[in-house]
Each structure stands twice: as C-alpha cells, then as structure tokens.
There are 2 protein chains.
Amino acid sequence: MDRMDTPCGLDVALAVIGGKWKPLILFHVQSGPTRFSEIRRRVGGISEKVLIQQLRDLVEMKVLLRRDHHCVPPVVDYALTPFGETLVKALVPLCDWGTANRDVVSAIKAPSATERGG
Amino acid sequence: MDRMDTPCGLDVALAVIGGKWKPLILFHVQSGPTRFSEIRRRVGGISEKVLIQQLRDLVEMKVLLRRDHHCVPPVVDYALTPFGETLVKALVPLCDWGTANRDVVSAIKAPSATERGG
DNA sequence: TTTCACCCTTACCTTTTGGTAGGTTCTATC
DNA sequence: GATAGAACCTACCAAAAGGTAAGGGTGAAA
C-alpha cells in the first residue's frame, strides 16, 4: 500500500468503535457489568443478532470482558476491561462534541436526506 | 422508539467522521487548504470516486469548506471550517489513543481474520 | 495531433453491515 | 403440554459503503 506512516490513529479507533451500535453499547456498559438482555433493552432498537455480533467484536478486541456464570437459565454479563476503559476515556471529548452539536448535525443531515435519496 | 435520551453523542460524531477515509482526510487537511489531487496523493489508496464522495459529505456537514477558484485547468481546494476545527480538536484524544494502541489492535485483529474469514 | 493533468461524473460490481425470522437448550410457571 | 424467559445460532435478505473502469471539457506541453 502507498499508505504513509499513518501518524493519525483515528483509523485504529474507528476499527474498534466503528459501526452503528458499538459506541452506544460501550456507553451503556461503562456503568458496570451488564447482562445481555439488559444491554439490549437499554440500547433499544438493536436486534439480537447484531448485538451479539457487536459484543463479540468488542470482546475480541479486548475492550469488553464476557463473563459466563455457567448456570441455567444462562447468565452472562459484559464489562469494560482496563483497556476498554482507556478507550472510553479517549472517547469522552468526542462524545461531548457530539452531544453539543447534535442539533447542528441533525439540522444539516435531515434536509440532505431528500437530495441523497433521489 | 425505545431510544432513551441518548446522552451519548458518539453516534453524532460517528455520523460525521464514520467511514473508512474521513478521519484520514481530516487529518491531511488540517494543516491548511489542500487541493483535491494533493489530498488524494497524501491519503493514498483511495479512488477518486470515493474521495469526492467523502469530500462532499464533509462539505455538506460544514466540516470542510470547498473553494473553487474557477479557473482552467480546475483548481479546487478544501479547508477546515471553524466548526470542523472543533471536531478535529475533539478527535485528538482518540487519535492519540489509536496511535498508542495501533500495535495492540493490529495484533488482536490480524489473527482473528482467519477465523472470521472461514 | 496526441498526451497529460486537472476535478468531477457515471455505470456497474463486490464487500461489509445491518435487519428479519426462526431455531436451540434448559428451567420455571401455568 | 403449553408458555415464557435466558443467551445465542443459522439462513436468508436488503441497504450502504467501497472499489473498478471509463468518460468529459479544458489548457499546457511534446
């Protein structure tokens, strides 16, 4: 690849938190170990298949820790790893920016939807 | 929707910088107004179609400013808007995190590629 | 005239991502 | 037996994102 030294680490971060749901999942898990069904309820609007997929990705990336209590009916919860906590900390300014500019971005995106859709 | 107040603004930020190339583009433009062909060379590996698409998105989101010098042969350059600069600033910690953990993430992702690919 | 570089466009295709619907194993409840 | 809840899997499908190939109008250089 012609890729240079890539001094910008954004691509790395995006590889971890990219996607439609991962930021939300991280947000809802940072308060402590959370069970699968509870995450699903809190995120809202996500299907089981996708949630599991995202969760597995996050676990694979060592951002989340999956704890299976090996009991019946199944009890599993997910928690941030120390590594995941460093990521969440780095995410705070961006989260803050997004919160501050939610209306601005929405106002810009909404009208463009008709243009792009045609 | 069951969606709560969505106190996490990450989805907003992701809507703006999400995608494979936008972070890189932002990075290469932050040093000052940059011409299309120069961005393409600096990013490396991106096709014209995709670069234009990303650039248009960024302009549409008021993150970048497109300046057409209306001369022949065409001269066009892109620069960060003040709004875009606030975004880039919010991106710094994440960029830093990515840079610091590039090897960690790569080491984790690489072997999983064989599992996921099968 | 041909070639090159410029910025951008279009048509077509592949990969990735997200979504729907149904199934599995087990226990508790009705 | 039927129903419900837990966590997860599988098959199929749709949309979005990304990639490839080609063209277009102009002026400078060969």
# chains A, B, ... in the order shown; residues from 1 in each chain; ligands from 1
>>> closest_atom_pairs(of="chain B", to="chain D", cutoff="10 Å", atoms="only C-alpha atoms (C1' of nucleotides)", output="tab-separated table")
residue	atom	partner	partner_atom	distance
B:Gly19	CA	D:DA17	C1'	7.9
B:Lys20	CA	D:DG18	C1'	8.6
B:Ile46	CA	D:DG19	C1'	8.9
B:Ser47	CA	D:DG19	C1'	7.4
B:Lys49	CA	D:DG19	C1'	8.9
B:Val50	CA	D:DG18	C1'	7.2
B:Cys71	CA	D:DT26	C1'	9.8
B:Val72	CA	D:DT26	C1'	6.3
B:Pro73	CA	D:DT26	C1'	6.1
B:Pro74	CA	D:DT26	C1'	8.5
>>> residues_around(residues="range 82-98 of chain A", least_positions_apart="3", cutoff="10 Å", atoms="only C-alpha atoms (C1' of nucleotides)", output="NGL selection string")
(:A and (13 or 16-17 or 23 or 26-27 or 30 or 58-59 or 61-65 or 79 or 101-105)) or (:B and (7-16 or 86-98 or 101))
>>> atom_distance(atom1="CA of Gly44 in chain A", atom2="CA of Ile108 in chain B")
29.1 Å
>>> select_by_dssp(residues="range 15-47 of chain A", states="helix (DSSP H, G or I)", output="VMD selection string")
chain A and resid 15 to 17 22 to 29 36 to 43
>>> write_last_selection(atoms="C-alpha atoms", output="JSON list (two decimals), in the first residue's frame")
[["chain", "number", "residue", "atom", "x", "y", "z"],
["A", 15, "ALA", "CA", -11.74, -0.07, 13.62],
["A", 16, "VAL", "CA", -12.71, -0.69, 17.22],
["A", 17, "ILE", "CA", -15.71, 1.55, 17.76],
["A", 22, "LYS", "CA", -20.67, -0.03, 19.35],
["A", 23, "PRO", "CA", -20.49, 3.47, 20.84],
["A", 24, "LEU", "CA", -23.93, 3.04, 22.37],
["A", 25, "ILE", "CA", -23.02, -0.37, 23.76],
["A", 26, "LEU", "CA", -19.86, 1.00, 25.29],
["A", 27, "PHE", "CA", -21.82, 3.81, 26.81],
["A", 28, "HIS", "CA", -24.35, 1.53, 28.43],
["A", 29, "VAL", "CA", -21.75, -0.88, 29.74],
["A", 36, "PHE", "CA", -27.02, -9.27, 27.62],
["A", 37, "SER", "CA", -30.75, -8.76, 27.85],
["A", 38, "GLU", "CA", -30.27, -5.60, 29.83],
["A", 39, "ILE", "CA", -27.93, -4.13, 27.24],
["A", 40, "ARG", "CA", -30.46, -4.96, 24.60],
["A", 41, "ARG", "CA", -33.21, -3.19, 26.48],
["A", 42, "ARG", "CA", -31.06, -0.16, 27.22],
["A", 43, "VAL", "CA", -29.74, 0.27, 23.70]]
>>> atom_distance(atom1="C1' of DA21 in chain C", atom2="CA of His69 in chain A")
28.8 Å
>>> closest_atom_pairs(of="chain C", to="chain A", cutoff="9 Å", atoms="only C-alpha atoms (C1' of nucleotides)", output="JSON lines")
{"residue": "C:DT17", "atom": "C1'", "partner": "A:Gly19", "partner_atom": "CA", "distance": 8.0}
{"residue": "C:DG18", "atom": "C1'", "partner": "A:Val50", "partner_atom": "CA", "distance": 7.1}
{"residue": "C:DG19", "atom": "C1'", "partner": "A:Ser47", "partner_atom": "CA", "distance": 7.4}
{"residue": "C:DC26", "atom": "C1'", "partner": "A:Pro73", "partner_atom": "CA", "distance": 6.2}
{"residue": "C:DT27", "atom": "C1'", "partner": "A:Pro73", "partner_atom": "CA", "distance": 6.3}
>>> select_by_dssp(residues="chain A", states="strand (DSSP E)", output="JSON, numbers by chain")
{"A": [34, 35, 64, 65, 66, 67, 68, 76, 77, 78, 79, 80]}
>>> closest_residue(among="B:Leu80, B:Arg66, B:Gly18, B:Pro33", to="chain A", atoms="only C-alpha atoms")
B:Gly18
>>> atom_distance(atom1="C1' of DT15 in chain C", atom2="CA of Thr99 in chain B")
26.8 Å
>>> decode(residues="chain D", atoms="C-alpha atoms (C1' of nucleotides)", output="tab-separated table (two decimals), in the first residue's frame")
chain	number	residue	atom	x	y	z
D	1	DG	C1'	-48.40	-29.93	27.50
D	2	DA	C1'	-48.07	-25.08	26.52
D	3	DT	C1'	-45.83	-20.70	27.56
D	4	DA	C1'	-42.18	-17.75	28.80
D	5	DG	C1'	-37.53	-16.22	29.62
D	6	DA	C1'	-32.48	-16.58	29.33
D	7	DA	C1'	-28.31	-16.23	25.71
D	8	DC	C1'	-27.11	-17.45	21.41
D	9	DC	C1'	-27.11	-19.52	16.50
D	10	DT	C1'	-28.40	-20.03	11.49
D	11	DA	C1'	-30.36	-18.94	6.89
D	12	DC	C1'	-31.82	-15.60	4.07
D	13	DC	C1'	-32.28	-10.71	2.57
D	14	DA	C1'	-31.68	-5.55	1.93
D	15	DA	C1'	-29.08	-1.42	2.18
D	16	DA	C1'	-24.91	1.03	2.41
D	17	DA	C1'	-20.17	1.54	1.66
D	18	DG	C1'	-16.36	0.91	-1.02
D	19	DG	C1'	-13.81	-0.29	-5.45
D	20	DT	C1'	-13.07	-0.52	-10.70
D	21	DA	C1'	-13.35	1.29	-15.22
D	22	DA	C1'	-14.40	4.68	-18.19
D	23	DG	C1'	-15.64	9.41	-19.89
D	24	DG	C1'	-15.68	14.63	-20.23
D	25	DG	C1'	-14.09	19.61	-21.07
D	26	DT	C1'	-10.07	22.44	-20.92
D	27	DG	C1'	-5.13	24.27	-21.49
D	28	DA	C1'	-0.13	23.34	-21.46
D	29	DA	C1'	3.49	20.55	-23.15
D	30	DA	C1'	5.52	17.33	-26.59
